[in-house]
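Have a look at data-v6.cif below; it lists mmCIF, N, CA and C atoms.
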data_data
loop_
_atom_site.label_atom_id
_atom_site.label_comp_id
_atom_site.auth_asym_id
_atom_site.auth_seq_id
_atom_site.Cartn_x
_atom_site.Cartn_y
_atom_site.Cartn_z
N MET S 233 -9.10 25.65 48.38
CA MET S 233 -7.91 26.44 48.56
C MET S 233 -7.27 26.15 49.90
N LYS S 234 -8.12 25.93 50.93
CA LYS S 234 -7.59 25.68 52.25
C LYS S 234 -6.83 24.35 52.30
N THR S 235 -7.30 23.34 51.56
CA THR S 235 -6.67 22.03 51.54
C THR S 235 -5.28 22.12 50.91
N LEU S 236 -5.15 22.82 49.80
CA LEU S 236 -3.87 22.97 49.12
C LEU S 236 -2.88 23.69 50.03
N SER S 237 -3.30 24.68 50.73
CA SER S 237 -2.44 25.40 51.66
C SER S 237 -1.98 24.47 52.77
N TRP S 238 -2.87 23.62 53.26
CA TRP S 238 -2.52 22.69 54.33
C TRP S 238 -1.46 21.68 53.85
N ILE S 239 -1.61 21.19 52.58
CA ILE S 239 -0.64 20.25 52.03
C ILE S 239 0.71 20.91 51.90
N ARG S 240 0.75 22.15 51.44
CA ARG S 240 2.02 22.85 51.31
C ARG S 240 2.70 23.02 52.66
N GLN S 241 1.91 23.25 53.68
CA GLN S 241 2.49 23.41 55.02
C GLN S 241 3.00 22.07 55.54
N ARG S 242 2.34 21.02 55.23
CA ARG S 242 2.70 19.69 55.74
C ARG S 242 3.73 18.97 54.86
N GLN S 243 3.97 19.44 53.67
CA GLN S 243 4.85 18.76 52.74
C GLN S 243 6.21 18.42 53.35
N PRO S 244 6.87 19.31 54.05
CA PRO S 244 8.17 18.95 54.60
C PRO S 244 8.11 17.77 55.59
N LEU S 245 6.97 17.51 56.20
CA LEU S 245 6.88 16.42 57.15
C LEU S 245 6.77 15.06 56.46
N TRP S 246 6.04 14.96 55.38
CA TRP S 246 5.87 13.66 54.76
C TRP S 246 6.90 13.37 53.67
N MET S 247 7.54 14.37 53.10
CA MET S 247 8.55 14.14 52.06
C MET S 247 9.74 13.34 52.59
N PRO S 248 10.31 13.67 53.75
CA PRO S 248 11.42 12.86 54.24
C PRO S 248 10.99 11.42 54.54
N ALA S 249 9.77 11.26 55.02
CA ALA S 249 9.27 9.91 55.31
C ALA S 249 9.15 9.11 54.03
N LEU S 250 8.64 9.74 52.97
CA LEU S 250 8.52 9.06 51.68
C LEU S 250 9.90 8.71 51.13
N ALA S 251 10.84 9.62 51.24
CA ALA S 251 12.21 9.36 50.77
C ALA S 251 12.84 8.21 51.54
N THR S 252 12.59 8.14 52.84
CA THR S 252 13.13 7.06 53.66
C THR S 252 12.54 5.71 53.25
N VAL S 253 11.23 5.67 53.04
CA VAL S 253 10.58 4.43 52.62
C VAL S 253 11.12 3.99 51.26
N ALA S 254 11.30 4.92 50.33
CA ALA S 254 11.82 4.58 49.01
C ALA S 254 13.24 4.05 49.11
N ALA S 255 14.07 4.66 49.92
CA ALA S 255 15.45 4.20 50.10
C ALA S 255 15.49 2.81 50.71
N MET S 256 14.61 2.54 51.68
CA MET S 256 14.57 1.21 52.30
C MET S 256 14.13 0.16 51.28
N ALA S 257 13.18 0.52 50.44
CA ALA S 257 12.71 -0.43 49.42
C ALA S 257 13.82 -0.75 48.43
N LEU S 258 14.57 0.26 48.01
CA LEU S 258 15.68 0.03 47.09
C LEU S 258 16.79 -0.78 47.75
N ALA S 259 17.06 -0.53 49.00
CA ALA S 259 18.07 -1.30 49.72
C ALA S 259 17.63 -2.75 49.84
N GLY S 260 16.35 -2.97 50.06
CA GLY S 260 15.83 -4.33 50.15
C GLY S 260 16.01 -5.07 48.84
N CYS S 261 15.81 -4.40 47.71
CA CYS S 261 16.01 -5.03 46.41
C CYS S 261 17.47 -5.39 46.21
N ALA S 262 18.37 -4.53 46.66
CA ALA S 262 19.79 -4.80 46.50
C ALA S 262 20.21 -6.02 47.29
N THR S 263 19.63 -6.24 48.44
CA THR S 263 20.02 -7.40 49.24
C THR S 263 19.44 -8.69 48.67
N LEU S 264 18.42 -8.59 47.82
CA LEU S 264 17.83 -9.78 47.22
C LEU S 264 18.64 -10.29 46.03
N ALA S 265 19.51 -9.43 45.46
CA ALA S 265 20.33 -9.85 44.33
C ALA S 265 21.28 -10.94 44.78
N ALA S 266 21.38 -11.98 43.96
CA ALA S 266 22.23 -13.12 44.30
C ALA S 266 23.71 -12.72 44.17
N PRO S 267 24.55 -13.28 45.02
CA PRO S 267 25.99 -13.01 44.88
C PRO S 267 26.51 -13.62 43.58
N PRO S 268 27.59 -13.07 43.02
CA PRO S 268 28.09 -13.56 41.74
C PRO S 268 28.38 -15.06 41.75
N GLU S 269 28.86 -15.59 42.85
CA GLU S 269 29.16 -17.02 42.92
C GLU S 269 27.93 -17.86 42.63
N LYS S 270 26.78 -17.46 43.15
CA LYS S 270 25.54 -18.22 42.92
C LYS S 270 25.06 -18.07 41.47
N VAL S 271 25.17 -16.85 40.94
CA VAL S 271 24.74 -16.61 39.56
C VAL S 271 25.60 -17.43 38.60
N VAL S 272 26.91 -17.40 38.80
CA VAL S 272 27.82 -18.12 37.91
C VAL S 272 27.64 -19.63 38.07
N GLU S 273 27.45 -20.10 39.29
CA GLU S 273 27.20 -21.52 39.49
C GLU S 273 25.97 -21.98 38.71
N LYS S 274 24.92 -21.17 38.75
CA LYS S 274 23.69 -21.50 38.02
C LYS S 274 23.93 -21.51 36.51
N ARG S 275 24.64 -20.51 36.01
CA ARG S 275 24.90 -20.44 34.57
C ARG S 275 25.84 -21.55 34.12
N ALA S 276 26.83 -21.89 34.94
CA ALA S 276 27.73 -23.00 34.61
C ALA S 276 26.94 -24.31 34.55
N THR S 277 26.02 -24.49 35.49
CA THR S 277 25.17 -25.69 35.49
C THR S 277 24.33 -25.72 34.21
N GLU S 278 23.76 -24.58 33.81
CA GLU S 278 22.98 -24.51 32.58
C GLU S 278 23.83 -24.89 31.36
N TYR S 279 25.05 -24.35 31.34
CA TYR S 279 25.95 -24.63 30.22
C TYR S 279 26.22 -26.13 30.10
N TRP S 280 26.59 -26.76 31.20
CA TRP S 280 26.94 -28.17 31.14
C TRP S 280 25.72 -29.07 30.93
N LYS S 281 24.58 -28.69 31.44
CA LYS S 281 23.35 -29.46 31.15
C LYS S 281 23.05 -29.41 29.66
N ALA S 282 23.24 -28.24 29.06
CA ALA S 282 23.01 -28.10 27.62
C ALA S 282 24.01 -28.94 26.83
N ARG S 283 25.27 -28.91 27.23
CA ARG S 283 26.28 -29.73 26.54
C ARG S 283 25.95 -31.21 26.63
N ILE S 284 25.56 -31.67 27.82
CA ILE S 284 25.25 -33.09 28.02
C ILE S 284 24.03 -33.49 27.18
N ALA S 285 23.04 -32.59 27.10
CA ALA S 285 21.82 -32.86 26.34
C ALA S 285 22.01 -32.71 24.83
N GLY S 286 23.19 -32.22 24.42
CA GLY S 286 23.41 -32.00 22.99
C GLY S 286 22.76 -30.74 22.48
N ASP S 287 22.38 -29.84 23.39
CA ASP S 287 21.76 -28.56 23.02
C ASP S 287 22.89 -27.54 22.84
N TYR S 288 23.57 -27.65 21.70
CA TYR S 288 24.74 -26.80 21.46
C TYR S 288 24.35 -25.34 21.26
N ALA S 289 23.16 -25.09 20.79
CA ALA S 289 22.71 -23.70 20.63
C ALA S 289 22.62 -23.02 22.00
N LYS S 290 22.08 -23.71 22.99
CA LYS S 290 21.99 -23.15 24.34
C LYS S 290 23.38 -22.96 24.93
N ALA S 291 24.24 -23.96 24.82
CA ALA S 291 25.60 -23.86 25.35
C ALA S 291 26.35 -22.71 24.66
N TYR S 292 26.21 -22.60 23.36
CA TYR S 292 26.85 -21.53 22.58
C TYR S 292 26.37 -20.16 23.06
N SER S 293 25.09 -20.06 23.38
CA SER S 293 24.52 -18.77 23.81
C SER S 293 25.09 -18.28 25.14
N LEU S 294 25.74 -19.15 25.89
CA LEU S 294 26.35 -18.78 27.17
C LEU S 294 27.82 -18.39 27.02
N SER S 295 28.34 -18.47 25.79
CA SER S 295 29.71 -18.05 25.51
C SER S 295 29.77 -16.53 25.45
N THR S 296 30.96 -15.98 25.66
CA THR S 296 31.11 -14.53 25.63
C THR S 296 30.68 -13.97 24.28
N PRO S 297 30.18 -12.73 24.27
CA PRO S 297 29.82 -12.09 23.01
C PRO S 297 31.02 -12.03 22.03
N ALA S 298 32.22 -11.83 22.54
CA ALA S 298 33.41 -11.78 21.68
C ALA S 298 33.61 -13.11 20.97
N TYR S 299 33.44 -14.21 21.68
CA TYR S 299 33.58 -15.54 21.08
C TYR S 299 32.53 -15.72 19.98
N ARG S 300 31.28 -15.33 20.30
CA ARG S 300 30.19 -15.51 19.33
C ARG S 300 30.35 -14.63 18.10
N LYS S 301 31.07 -13.51 18.23
CA LYS S 301 31.33 -12.66 17.06
C LYS S 301 32.30 -13.34 16.09
N LEU S 302 33.21 -14.15 16.63
CA LEU S 302 34.24 -14.77 15.81
C LEU S 302 33.93 -16.20 15.37
N HIS S 303 33.03 -16.86 16.11
CA HIS S 303 32.73 -18.26 15.83
C HIS S 303 31.22 -18.47 15.70
N THR S 304 30.83 -19.23 14.71
CA THR S 304 29.42 -19.54 14.52
C THR S 304 29.01 -20.66 15.47
N ALA S 305 27.71 -20.88 15.57
CA ALA S 305 27.20 -21.98 16.38
C ALA S 305 27.68 -23.32 15.82
N GLU S 306 27.79 -23.42 14.51
CA GLU S 306 28.27 -24.66 13.89
C GLU S 306 29.74 -24.91 14.21
N GLN S 307 30.54 -23.85 14.24
CA GLN S 307 31.95 -24.01 14.62
C GLN S 307 32.06 -24.44 16.09
N PHE S 308 31.20 -23.88 16.93
CA PHE S 308 31.16 -24.28 18.34
C PHE S 308 30.83 -25.76 18.45
N ARG S 309 29.82 -26.18 17.72
CA ARG S 309 29.41 -27.58 17.76
C ARG S 309 30.53 -28.50 17.27
N ALA S 310 31.22 -28.11 16.22
CA ALA S 310 32.34 -28.90 15.71
C ALA S 310 33.46 -28.99 16.74
N GLN S 311 33.67 -27.91 17.48
CA GLN S 311 34.73 -27.89 18.48
C GLN S 311 34.40 -28.77 19.68
N PHE S 312 33.12 -28.83 20.08
CA PHE S 312 32.75 -29.52 21.32
C PHE S 312 31.80 -30.70 21.13
N GLY S 313 31.38 -30.97 19.91
CA GLY S 313 30.32 -31.94 19.71
C GLY S 313 30.69 -33.41 19.72
N GLU S 314 31.91 -33.76 19.42
CA GLU S 314 32.28 -35.16 19.32
C GLU S 314 33.30 -35.52 20.40
N GLY S 315 33.62 -36.78 20.47
CA GLY S 315 34.62 -37.23 21.44
C GLY S 315 33.95 -37.99 22.56
N ALA S 316 34.33 -37.68 23.78
CA ALA S 316 33.78 -38.39 24.94
C ALA S 316 32.30 -38.07 25.09
N SER S 317 31.57 -39.07 25.51
CA SER S 317 30.15 -38.90 25.78
C SER S 317 30.00 -38.40 27.22
N LEU S 318 29.58 -37.16 27.36
CA LEU S 318 29.44 -36.59 28.70
C LEU S 318 28.28 -37.25 29.43
N GLN S 319 28.53 -37.66 30.64
CA GLN S 319 27.51 -38.31 31.47
C GLN S 319 26.97 -37.36 32.54
N GLY S 320 27.82 -36.48 33.02
CA GLY S 320 27.40 -35.55 34.07
C GLY S 320 28.45 -34.48 34.29
N ALA S 321 28.01 -33.38 34.87
CA ALA S 321 28.92 -32.28 35.20
C ALA S 321 28.29 -31.48 36.33
N GLU S 322 29.12 -31.10 37.28
CA GLU S 322 28.60 -30.29 38.38
C GLU S 322 29.68 -29.33 38.89
N PRO S 323 29.28 -28.09 39.14
CA PRO S 323 30.24 -27.15 39.73
C PRO S 323 30.58 -27.59 41.15
N ILE S 324 31.86 -27.62 41.46
CA ILE S 324 32.34 -28.01 42.78
C ILE S 324 32.67 -26.78 43.62
N ASN S 325 33.25 -25.77 42.96
CA ASN S 325 33.69 -24.58 43.67
C ASN S 325 33.65 -23.39 42.72
N VAL S 326 33.21 -22.24 43.23
CA VAL S 326 33.19 -21.00 42.45
C VAL S 326 33.86 -19.92 43.27
N THR S 327 34.88 -19.28 42.70
CA THR S 327 35.52 -18.14 43.36
C THR S 327 35.47 -16.97 42.39
N CYS S 328 35.12 -15.80 42.93
CA CYS S 328 34.93 -14.64 42.07
C CYS S 328 35.77 -13.44 42.50
N GLU S 329 36.17 -12.71 41.49
CA GLU S 329 36.75 -11.38 41.62
C GLU S 329 35.66 -10.45 41.06
N PRO S 330 35.89 -9.13 41.06
CA PRO S 330 34.82 -8.26 40.58
C PRO S 330 34.26 -8.58 39.20
N GLU S 331 35.09 -8.93 38.22
CA GLU S 331 34.58 -9.18 36.87
C GLU S 331 35.01 -10.52 36.30
N LYS S 332 35.46 -11.43 37.15
CA LYS S 332 35.93 -12.74 36.69
C LYS S 332 35.68 -13.79 37.77
N CYS S 333 35.13 -14.93 37.35
CA CYS S 333 34.93 -16.04 38.26
C CYS S 333 35.62 -17.27 37.69
N THR S 334 36.14 -18.09 38.58
CA THR S 334 36.72 -19.37 38.21
C THR S 334 35.85 -20.46 38.80
N VAL S 335 35.44 -21.39 37.95
CA VAL S 335 34.55 -22.47 38.38
C VAL S 335 35.30 -23.79 38.22
N ARG S 336 35.34 -24.55 39.28
CA ARG S 336 35.91 -25.90 39.24
C ARG S 336 34.75 -26.86 38.98
N ILE S 337 34.85 -27.63 37.89
CA ILE S 337 33.78 -28.50 37.44
C ILE S 337 34.24 -29.96 37.54
N LYS S 338 33.37 -30.81 38.05
CA LYS S 338 33.61 -32.26 38.02
C LYS S 338 32.84 -32.81 36.83
N ILE S 339 33.58 -33.45 35.92
CA ILE S 339 33.01 -33.98 34.69
C ILE S 339 33.05 -35.51 34.74
N SER S 340 31.97 -36.14 34.36
CA SER S 340 31.92 -37.60 34.18
C SER S 340 31.69 -37.86 32.70
N ALA S 341 32.56 -38.69 32.12
CA ALA S 341 32.46 -38.95 30.68
C ALA S 341 32.82 -40.39 30.38
N ALA S 342 32.29 -40.87 29.27
CA ALA S 342 32.64 -42.19 28.75
C ALA S 342 33.46 -41.96 27.49
N PRO S 343 34.78 -42.17 27.57
CA PRO S 343 35.63 -41.93 26.39
C PRO S 343 35.22 -42.80 25.21
N ALA S 344 35.31 -42.23 24.02
CA ALA S 344 34.95 -42.95 22.79
C ALA S 344 36.21 -43.51 22.15
N LEU S 345 36.65 -44.66 22.64
CA LEU S 345 37.82 -45.34 22.08
C LEU S 345 37.37 -46.66 21.49
N VAL S 346 37.60 -46.84 20.21
CA VAL S 346 37.15 -48.03 19.50
C VAL S 346 37.80 -49.27 20.11
N GLY S 347 36.97 -50.25 20.42
CA GLY S 347 37.44 -51.51 20.94
C GLY S 347 37.76 -51.51 22.43
N MET S 348 37.56 -50.41 23.09
CA MET S 348 37.87 -50.34 24.52
C MET S 348 36.64 -49.84 25.27
N ASN S 349 36.30 -50.52 26.32
CA ASN S 349 35.21 -50.08 27.18
C ASN S 349 35.82 -49.64 28.51
N LEU S 350 36.06 -48.36 28.63
CA LEU S 350 36.69 -47.83 29.83
C LEU S 350 35.68 -47.42 30.90
N GLY S 351 34.41 -47.51 30.56
CA GLY S 351 33.40 -47.09 31.52
C GLY S 351 33.38 -45.57 31.66
N THR S 352 32.87 -45.13 32.77
CA THR S 352 32.79 -43.69 33.01
C THR S 352 34.02 -43.24 33.78
N ILE S 353 34.60 -42.16 33.33
CA ILE S 353 35.79 -41.59 33.96
C ILE S 353 35.42 -40.21 34.50
N ALA S 354 35.83 -39.93 35.71
CA ALA S 354 35.59 -38.61 36.31
C ALA S 354 36.89 -37.80 36.27
N THR S 355 36.75 -36.54 35.95
CA THR S 355 37.88 -35.63 35.95
C THR S 355 37.39 -34.25 36.38
N HIS S 356 38.30 -33.35 36.59
CA HIS S 356 37.96 -31.98 36.99
C HIS S 356 38.60 -31.00 36.01
N LEU S 357 37.95 -29.90 35.82
CA LEU S 357 38.53 -28.83 35.02
C LEU S 357 38.12 -27.49 35.62
N SER S 358 38.89 -26.48 35.29
CA SER S 358 38.58 -25.12 35.73
C SER S 358 38.18 -24.32 34.50
N GLU S 359 37.14 -23.53 34.64
CA GLU S 359 36.72 -22.66 33.55
C GLU S 359 36.54 -21.25 34.08
N THR S 360 36.63 -20.30 33.17
CA THR S 360 36.53 -18.89 33.52
C THR S 360 35.22 -18.33 33.01
N TRP S 361 34.58 -17.53 33.86
CA TRP S 361 33.37 -16.81 33.50
C TRP S 361 33.65 -15.32 33.68
N LEU S 362 33.25 -14.52 32.70
CA LEU S 362 33.53 -13.08 32.72
C LEU S 362 32.24 -12.27 32.77
N LEU S 363 32.29 -11.18 33.51
CA LEU S 363 31.15 -10.26 33.60
C LEU S 363 31.27 -9.23 32.49
N GLU S 364 30.24 -9.18 31.65
CA GLU S 364 30.21 -8.22 30.56
C GLU S 364 28.79 -7.70 30.38
N ASP S 365 28.63 -6.39 30.42
CA ASP S 365 27.32 -5.76 30.28
C ASP S 365 26.31 -6.30 31.28
N GLY S 366 26.76 -6.55 32.52
CA GLY S 366 25.86 -6.97 33.58
C GLY S 366 25.49 -8.45 33.56
N GLN S 367 26.11 -9.24 32.68
CA GLN S 367 25.80 -10.67 32.58
C GLN S 367 27.11 -11.47 32.61
N TRP S 368 27.03 -12.68 33.17
CA TRP S 368 28.18 -13.58 33.24
C TRP S 368 28.18 -14.50 32.03
N TRP S 369 29.36 -14.62 31.38
CA TRP S 369 29.53 -15.42 30.17
C TRP S 369 30.70 -16.38 30.34
N ARG S 370 30.58 -17.57 29.78
CA ARG S 370 31.66 -18.55 29.81
C ARG S 370 32.74 -18.14 28.83
N TYR S 371 33.95 -17.98 29.32
CA TYR S 371 35.08 -17.60 28.46
C TYR S 371 35.60 -18.81 27.73
N GLN S 372 35.85 -18.62 26.45
CA GLN S 372 36.44 -19.65 25.60
C GLN S 372 37.55 -18.99 24.81
N ASP S 373 38.72 -19.62 24.77
CA ASP S 373 39.82 -19.06 23.98
C ASP S 373 39.35 -18.78 22.56
N LEU S 374 39.77 -17.65 22.05
CA LEU S 374 39.39 -17.27 20.69
C LEU S 374 40.34 -17.92 19.73
#
Using structure tokens, write down the structure that the file contains.
Amino acid sequence: MKTLSWIRQRQPLWMPALATVAAMALAGCATLAAPPEKVVEKRATEYWKARIAGDYAKAYSLSTPAYRKLHTAEQFRAQFGEGASLQGAEPINVTCEPEKCTVRIKISAAPALVGMNLGTIATHLSETWLLEDGQWWRYQDL
């Protein structure tokens, strides 16, 4: 009984300390979260690696949920599967607003033109990534 009484008397002293430690731990977790530019850069890299490897299922899975509701994986593959042979892709610049990022991508491709060997051609494109339900998705016109 004496121990319980002592804890009740001391409770106000250790409760604020515990609350402070918990708040510091949560703040530490918040600072460990990557900025949106880094997250989107990583996801854009994943998308283009999948496209280059011919892993259309993986690339399709990074499209917005709205796009995936309207288009099947086979339709995605038909839209992006043929044409130039992609050799490489890398994000050059990422700029973000609260729920939208624009990624500038450098693409290297070998155009598929019959009878012509053009070699590898480099070009740049901009793509949009949108934040939805806490995740970044590559926007594709519907």
Correct to one decimal, the distance CA of Val272 in chain S-CA of Ala341 in chain S is 22.5 Å
Using all atoms listed in the file, which residues sit within 7 Å of Val335 in chain S once same-chain residues fewer than 6 positions away are excluded, as JSON, numbers by chain? {"S": [323, 324, 325, 326, 327, 357, 358, 359, 360, 361]}
Hey, can you check how far CA of Ser317 in chain S sits from CA of Ala282 in chain S? 13.1 Å
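One distance worth recording is that between CA of Glu306 in chain S and CA of Leu350 in chain S, which is 29.4 Å.
Between Leu318 in chain S and the candidates S:Thr296, S:Thr355, S:Thr304, S:Thr334, the tightest atom-to-atom separation, counting only C-alpha atoms, involves S:Thr355.
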Residues near Arg309 in chain S, cut-off 8 Å, only N, CA and C atoms, skip fewer than 4 positions along chain, as a CSV table (one decimal) with N, CA and C atoms, keeping the file's coordinate frame:
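Contents of around26.csv, freshly written:
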chain,number,residue,atom,x,y,z
S,288,TYR,N,23.6,-27.6,21.7
S,288,TYR,CA,24.7,-26.8,21.5
S,288,TYR,C,24.4,-25.3,21.3
S,289,ALA,N,23.2,-25.1,20.8
S,289,ALA,CA,22.7,-23.7,20.6
S,289,ALA,C,22.6,-23.0,22.0
S,292,TYR,N,26.2,-22.6,23.4
S,292,TYR,CA,26.8,-21.5,22.6
S,292,TYR,C,26.4,-20.2,23.1
S,304,THR,N,30.8,-19.2,14.7
S,304,THR,CA,29.4,-19.5,14.5
S,304,THR,C,29.0,-20.7,15.5
S,305,ALA,N,27.7,-20.9,15.6
S,305,ALA,CA,27.2,-22.0,16.4
S,305,ALA,C,27.7,-23.3,15.8
S,313,GLY,N,31.4,-31.0,19.9
S,313,GLY,CA,30.3,-31.9,19.7
S,313,GLY,C,30.7,-33.4,19.7
S,314,GLU,N,31.9,-33.8,19.4
S,314,GLU,CA,32.3,-35.2,19.3
S,314,GLU,C,33.3,-35.5,20.4
